[in-house]
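Right, one structure below, let's go through it.
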Amino acid sequence: MNDRLTSGHKPLDAVLGGGLPANAISLLMGRPGSGKTILAQQYIFRNATPERPSIYFATVSEPLEKIVRFGQSLDFFDRTAIGTSVFYEDLGAKVSRHGLAGVTEQITTAIKERRPGLIVIDSFKALHAFADGHAEFRRFLHELSGRLGAFPVASLWVGEYEDAEIGSVPEFAVADAILDLTTARSGQRDIRFLEVRKLRGSGFQSGLHAYRLTADGMHLFPRLADAPIDKEYPQSDVRASSGIPALDDMLEDGYWPGASTLIAGPSGSGKTLLGLHFIFNGARQGEPGVIATLQENETQLERVAGGFGWSLNEPNIEVMYRSPVDIHIDEWAYELLQAVKRTGARRILIDSVTDIRAAASDATRFREFCYSLMQRFARQGVSIVMTFEIPDLFGAERLSDDAVSPLSDNVVMLSYLKDDGSIKRTISVIKTRASHHDPAIRQFLIGRDGIALG
Amino acid sequence: MEDTGRALYSISAVGNMVGLPVATLRTWEDRYALVVPDRNASGHRLYSRDQVEQLRFIRTRMAQGLSAADAHRLLAEQLGAGLPITTQTSRGRLLILLVEPDPYSAEYQEYFLKTEGFEVKMASDEEAARRSLHEDPPSLAVIELLVSGGSGLSLCRYAKEAGVPVVAVSVLECRDQAIEAGADAFLLKPLDPLKFVSTARDLLGSSSFLHTPPGDSP
């Protein structure tokens with residue numbers, strides 16, 4: 001028998017180290033609307049078989065009919081499974097009439113007669129109201145966990161528990177796994193997160209993992225947070241041209257492949273254009289490139305590119321446009337990783353990393369996210385150029401507070417210069433890792449062929 | 001009263017229970033049209049407990065030398081005459097001694113064995129188990145190795161010396177020690193009910209056959 005239960009969604013199973021533990025008690029906590037019941041039903045249907053059915057016990061929190069009625073709108077809800085491999089039972093009437101002893105009795109009978117592989121009790125927390133004091137609830141808990149432990153069944157106890165209850169409510173001590181569904185405020189919206197708070201006898205991916213609720217159930221985006229690896233990987237000695245020969249000269253013949261380059265500059269200074277030079281230069285040499293844009297949509301970007309003799313429809317060019325509105329940075333990262341894998345891309349333009357920073361929950365998360373992403377691409381030899389907007393028009397005092405520039409291998413700075421009554425653009429190379437560079441500040445013009453250094 | 005005619009077992013479960021390949025069950029169903037399971041909405045076969053007994057009857061008769069066709073013919077005659085279909089012993093039901101200190105595990109094991117037609121006697125400690133093995137030798141003993149603080153292995157030896165086959169069970173992965181101590185099979189807890197009952201049947205299969213009452217022969 002498999003020792004893990006699948007959610008039917010691989011990223012969620014991976015966060016749990018392979019899935020929800022079989023033959024164990026798992027506790028699913030979260031506020032109303034966090035998707036507890038959806039996730040519980042997802043597990044119910046994904047694991048039910050006629051030989052080892054799943055049973056959903058509703059207590060006194062939500063009427064059973066309501067759970068089933070709303071459950072039908074979910075893609076995994078299989079009407080034909082009801083009565084053969086999925087059973088919905090009402091515990092509310094039993095607990096109201098016979099107290100907690102009635103709950104134990106009904107669950108024991110169901111285990112004997114149906115031999116389930118999974119049991120959900122929703123809401124478990126609501127059962128507290130039927131105990132005549134803490135001692136009785138603890139006795140009930142001891143007996144129920146004893147009965148569940150004596151049979152090869154996984155059980156999922158669902159409840160609207162608060163964070164502070166983890167240390168005081170006894171079921172948390174009994175539970176082998178604790179899954180916490182939380183939300184965090186970001187601007188005008190709430191971002192949903194799943195966190196594994198406990199998983200006895202197994203590794204799991206710690207931290208907050210963003211998720212969305214869809215008709216297909218929970219879609220989780222595991223927190224991109226790669227541990228450093230010591231293993232060496234092959235590196236090419238052939239440099240990647242920036243697409244601008246004069247800039248290549250300043251960089252000692254372009255960027256190292258797999259390098260991450262930050263192009264920092266104020267609005268309108270030519271950051272996107274510098275990135276497009278890099279992408280189209282690669283594409284025309286047979287190196288596929290992905291333009292991950294959160295700024296211009298494809299139509300707008302096509303117009304920009306067209307002004308310099310490029311087209312997004314050229315071979316080896318893939319555009320991944322995502323709106324910065326309601327974005328989850330990990331969801332975005334997995335889409336980018338997929339796009340790179342699908343196209344075999346060797347170059348990436350991220351326009352802009354400023355939008356990613358705005359969508360990240362905090363500076364620490366942003367830093368570990370950037371580190372993980374850069375490391376993944378570095379190991380693959382895929383070069384990244386990231387644009388980063390700075391507010392200072394005429395020479396920045398500093399680049400950022402969030403350490404994206406220290407993480408980058410190269411930093412190219414664009415700026416404005418007041419000169420004889422007009423504003424001119426300048427470019428300088430601030431930093432190159434494992435390479436020399438020309439420290440000069442050079443003026444440049446934007447013409448029909450793009451950027452031309454003076 | 002238990003409804004033994006209710007369809008509840010899948011074909012794979014029945015295959016395990018009676019020790020026959022699923023393909024054989026399908027072939028017999030098509031060829032002899034005697035043990036025909038119900039079908040659920042998805043078209044899956046579901047067998048009743050009565051039908052499981054009928055298949056065991058056929059298997060037992062084949063083990064005695066009958067062909068599949070003759071065993072089916074015999075079953076049809078028994079059913080037609082309204083005679084009981086049984087593979088059980090002359091003394092009645094086979095007795096299994098359940099040595100299990102955990103009351104919840106004991107309750108499940110007793111239930112699953114009884115629903116399969118076995119007679120069950122319980123012992124929650126080593127002393128009671130030894131007494132039962134001596135006074136009323138069972139056909140099989142199921143011994144939890146942690147009984148009485150870990151006396152299960154010595155109990156396995158004692159049962160073996162008394163000629164009683166043993167299924168050792170434990171949450172500890174100690175199959176080799178159990179087999180070394182004389183157990184015939186080892187199962188890791190929590191016990192999968194189907195595997196548990198199948199193991200008991202496997203170990204009792206030959207003795208059940210040997211104890212077949214004279215009047216029950218073809």
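Following the order of the structure tokens, first chain is A, next is B, and so on, with residues numbered from 1 inside each chain and ligands from 1 in the order they appear.
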- request: Starting from chain A, keep only residues with some atom at most 7 Å from an atom of chain B, counting only C-alpha atoms, and report them as a list of chain:residue names.
  value: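 Selected residues: A:Glu51, A:Lys112, A:Gly146, A:Arg147, A:Gly149, A:Ala150, A:Phe151, A:Pro152.
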task: as a ChimeraX atom specification, list the residues of range 68-182 of chain A assigned to strand (DSSP E) by DSSP on the backbone atoms of this structure.
output: /A:86-90,118-122,154-159,177-182
Residues from the last selection, C-alpha atoms, saved as a PDB file, in the first residue's frame:
```
ATOM      1  CA  VAL A  86     -17.039   8.105  -2.051  1.00  0.00           C
ATOM      2  CA  PHE A  87     -19.441   8.348   0.851  1.00  0.00           C
ATOM      3  CA  TYR A  88     -20.803  11.473   2.513  1.00  0.00           C
ATOM      4  CA  GLU A  89     -22.078  10.965   6.033  1.00  0.00           C
ATOM      5  CA  ASP A  90     -23.664  13.348   8.483  1.00  0.00           C
ATOM      6  CA  LEU A 118      -9.360   8.170   3.811  1.00  0.00           C
ATOM      7  CA  ILE A 119     -11.694   9.852   6.262  1.00  0.00           C
ATOM      8  CA  VAL A 120     -12.404  13.579   6.431  1.00  0.00           C
ATOM      9  CA  ILE A 121     -14.035  15.141   9.502  1.00  0.00           C
ATOM     10  CA  ASP A 122     -15.243  18.667   8.737  1.00  0.00           C
ATOM     11  CA  ALA A 154      -5.631   8.407   6.704  1.00  0.00           C
ATOM     12  CA  SER A 155      -7.801  11.001   8.347  1.00  0.00           C
ATOM     13  CA  LEU A 156      -8.010  14.684   7.660  1.00  0.00           C
ATOM     14  CA  TRP A 157      -9.429  16.842  10.440  1.00  0.00           C
ATOM     15  CA  VAL A 158     -10.611  20.193   9.169  1.00  0.00           C
ATOM     16  CA  GLY A 159     -11.159  23.248  11.334  1.00  0.00           C
ATOM     17  CA  ALA A 177       0.718  16.538   9.944  1.00  0.00           C
ATOM     18  CA  ILE A 178      -0.543  20.111  10.097  1.00  0.00           C
ATOM     19  CA  LEU A 179      -1.429  22.074   6.981  1.00  0.00           C
ATOM     20  CA  ASP A 180      -2.149  25.746   7.517  1.00  0.00           C
ATOM     21  CA  LEU A 181      -4.018  27.833   4.947  1.00  0.00           C
ATOM     22  CA  THR A 182      -3.318  31.512   5.529  1.00  0.00           C
TER      23      THR A 182
END
```
field: Å distance separating CA of Tyr416 in chain A from CA of Ile446 in chain A, one decimal place
entry: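 The value is 13.0 Å.
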- request: For Val52 in chain B, please output as a PyMOL selection string all residues within 9 Å (counting only C-alpha atoms; exclusion window: fewer than 6 positions along the same chain).
  value: chain B and resi 9+14+17-18+35
Output for the residues just chosen: C-alpha atoms as an mmCIF file, in the first residue's frame:
```
data_model
loop_
_atom_site.group_PDB
_atom_site.id
_atom_site.type_symbol
_atom_site.label_atom_id
_atom_site.label_comp_id
_atom_site.auth_asym_id
_atom_site.auth_seq_id
_atom_site.Cartn_x
_atom_site.Cartn_y
_atom_site.Cartn_z
ATOM 1 C CA TYR B 9 -16.500 -7.166 -3.375
ATOM 2 C CA VAL B 14 -12.428 -11.700 -4.715
ATOM 3 C CA MET B 17 -9.855 -13.832 -1.203
ATOM 4 C CA VAL B 18 -10.229 -17.093 -3.064
ATOM 5 C CA VAL B 35 -21.356 -17.341 -10.372
#
```
- request: For Ser145 in chain A, list every protein, DNA or RNA residue within 9 Å, evaluated using only C-alpha atoms, and leave out those in the same chain fewer than 5 positions away; present the list as a VMD selection string.
  value: chain A and resid 25 140 150 174 to 175
Restrict the selected residues to N, CA and C atoms and save them as an mmCIF file, in the first residue's frame.
```
data_model
loop_
_atom_site.group_PDB
_atom_site.id
_atom_site.type_symbol
_atom_site.label_atom_id
_atom_site.label_comp_id
_atom_site.auth_asym_id
_atom_site.auth_seq_id
_atom_site.Cartn_x
_atom_site.Cartn_y
_atom_site.Cartn_z
ATOM 1 N N ILE A 25 -2.936 10.958 11.004
ATOM 2 C CA ILE A 25 -3.932 12.006 11.217
ATOM 3 C C ILE A 25 -3.332 13.331 10.755
ATOM 4 N N PHE A 140 -12.094 11.706 24.476
ATOM 5 C CA PHE A 140 -12.644 11.451 23.134
ATOM 6 C C PHE A 140 -11.517 11.393 22.099
ATOM 7 N N ALA A 150 -5.442 2.159 14.728
ATOM 8 C CA ALA A 150 -5.481 0.697 14.655
ATOM 9 C C ALA A 150 -5.907 0.193 13.279
ATOM 10 N N VAL A 174 -1.849 15.591 18.742
ATOM 11 C CA VAL A 174 -2.183 14.260 18.227
ATOM 12 C C VAL A 174 -1.863 14.145 16.735
ATOM 13 N N ALA A 175 -2.018 15.274 16.031
ATOM 14 C CA ALA A 175 -1.883 15.242 14.569
ATOM 15 C C ALA A 175 -0.459 14.900 14.145
#
```
Contact residues around Lys431 in chain A with only C-alpha atoms at 10 Å, ignoring same-chain residues under 4 positions, as a PyMOL selection string: chain A and resi 251+261-262+405-406+408-413+435-439
Give me a file of those residues, with N, CA and C atoms, as a compact mmCIF listing (two decimals), in the first residue's frame.
```txt
# COMPACT_ATOMS: atom_id res chain seq x y z
N LEU A 251 32.49 45.47 -21.94
CA LEU A 251 32.30 44.28 -21.09
C LEU A 251 33.39 43.23 -21.33
N THR A 261 22.41 39.76 -15.56
CA THR A 261 22.81 41.16 -15.75
C THR A 261 21.65 42.07 -15.40
N LEU A 262 21.93 43.02 -14.55
CA LEU A 262 20.91 43.99 -14.15
C LEU A 262 21.14 45.26 -14.95
N SER A 405 21.07 43.88 -6.93
CA SER A 405 22.32 44.20 -7.63
C SER A 405 23.51 43.39 -7.11
N PRO A 406 23.64 43.17 -5.78
CA PRO A 406 24.75 42.30 -5.34
C PRO A 406 24.62 40.88 -5.86
N SER A 408 23.39 40.01 -8.79
CA SER A 408 23.62 39.97 -10.23
C SER A 408 25.11 39.89 -10.53
N ASP A 409 25.43 39.20 -11.61
CA ASP A 409 26.85 39.10 -11.99
C ASP A 409 27.34 40.42 -12.58
N ASN A 410 26.46 41.05 -13.35
CA ASN A 410 26.84 42.29 -14.02
C ASN A 410 25.80 43.36 -13.74
N VAL A 411 26.24 44.59 -13.64
CA VAL A 411 25.30 45.70 -13.50
C VAL A 411 25.67 46.78 -14.52
N VAL A 412 24.69 47.10 -15.35
CA VAL A 412 24.86 48.17 -16.35
C VAL A 412 23.92 49.30 -15.95
N MET A 413 24.45 50.49 -15.88
CA MET A 413 23.65 51.63 -15.41
C MET A 413 23.37 52.58 -16.57
N SER A 435 35.29 39.10 -14.63
CA SER A 435 35.66 39.74 -15.89
C SER A 435 36.07 41.19 -15.60
N HIS A 436 36.92 41.74 -16.47
CA HIS A 436 37.24 43.17 -16.36
C HIS A 436 36.20 43.95 -17.15
N HIS A 437 36.12 45.25 -16.89
CA HIS A 437 35.23 46.07 -17.69
C HIS A 437 35.77 47.51 -17.76
N ASP A 438 35.28 48.20 -18.76
CA ASP A 438 35.67 49.60 -18.95
C ASP A 438 34.81 50.45 -18.02
N PRO A 439 35.41 51.20 -17.09
CA PRO A 439 34.60 51.95 -16.13
C PRO A 439 34.10 53.30 -16.66
```
message: Residues near Val68 in chain A, anyone? I mean within 10 Å using only C-alpha atoms, not counting same-chain ones fewer than 6 positions away, as a ChimeraX atom specification.
response: /A:41,56,77,88
Residues at most 9 Å from range 65-75 of chain B, counting only C-alpha atoms, excluding those fewer than 6 positions away in the same chain, as a PDB file with N, CA and C atoms, in the first residue's frame?
```pdb
ATOM      1  N   TRP B  28     -14.649 -18.148 -16.120  1.00  0.00           N
ATOM      2  CA  TRP B  28     -15.682 -19.021 -15.544  1.00  0.00           C
ATOM      3  C   TRP B  28     -17.060 -18.373 -15.671  1.00  0.00           C
ATOM      4  N   TYR B  32     -19.493 -20.711 -17.703  1.00  0.00           N
ATOM      5  CA  TYR B  32     -20.466 -21.510 -16.954  1.00  0.00           C
ATOM      6  C   TYR B  32     -21.709 -20.726 -16.524  1.00  0.00           C
ATOM      7  N   LEU B  34     -22.617 -19.313 -13.936  1.00  0.00           N
ATOM      8  CA  LEU B  34     -23.171 -19.781 -12.661  1.00  0.00           C
ATOM      9  C   LEU B  34     -22.924 -18.756 -11.547  1.00  0.00           C
ATOM     10  N   VAL B  35     -21.669 -18.383 -11.356  1.00  0.00           N
ATOM     11  CA  VAL B  35     -21.356 -17.341 -10.372  1.00  0.00           C
ATOM     12  C   VAL B  35     -21.203 -16.033 -11.154  1.00  0.00           C
ATOM     13  N   GLN B  54     -19.240 -19.546  -2.879  1.00  0.00           N
ATOM     14  CA  GLN B  54     -19.441 -20.473  -4.004  1.00  0.00           C
ATOM     15  C   GLN B  54     -18.125 -20.686  -4.759  1.00  0.00           C
ATOM     16  N   PHE B  57     -15.932 -22.891  -2.793  1.00  0.00           N
ATOM     17  CA  PHE B  57     -16.420 -24.262  -2.934  1.00  0.00           C
ATOM     18  C   PHE B  57     -15.817 -24.887  -4.207  1.00  0.00           C
ATOM     19  N   ILE B  58     -15.879 -24.121  -5.308  1.00  0.00           N
ATOM     20  CA  ILE B  58     -15.349 -24.631  -6.584  1.00  0.00           C
ATOM     21  C   ILE B  58     -13.846 -24.896  -6.460  1.00  0.00           C
ATOM     22  N   ARG B  59     -13.153 -23.954  -5.851  1.00  0.00           N
ATOM     23  CA  ARG B  59     -11.704 -24.085  -5.734  1.00  0.00           C
ATOM     24  C   ARG B  59     -11.338 -25.305  -4.881  1.00  0.00           C
ATOM     25  N   ILE B  85     -23.815 -24.130   0.910  1.00  0.00           N
ATOM     26  CA  ILE B  85     -22.507 -24.150   0.260  1.00  0.00           C
ATOM     27  C   ILE B  85     -21.482 -23.800   1.320  1.00  0.00           C
ATOM     28  N   PRO B 218     -17.623 -34.755  -2.893  1.00  0.00           N
ATOM     29  CA  PRO B 218     -18.430 -34.955  -4.098  1.00  0.00           C
ATOM     30  C   PRO B 218     -18.885 -36.395  -4.280  1.00  0.00           C
TER      31      PRO B 218
END
```
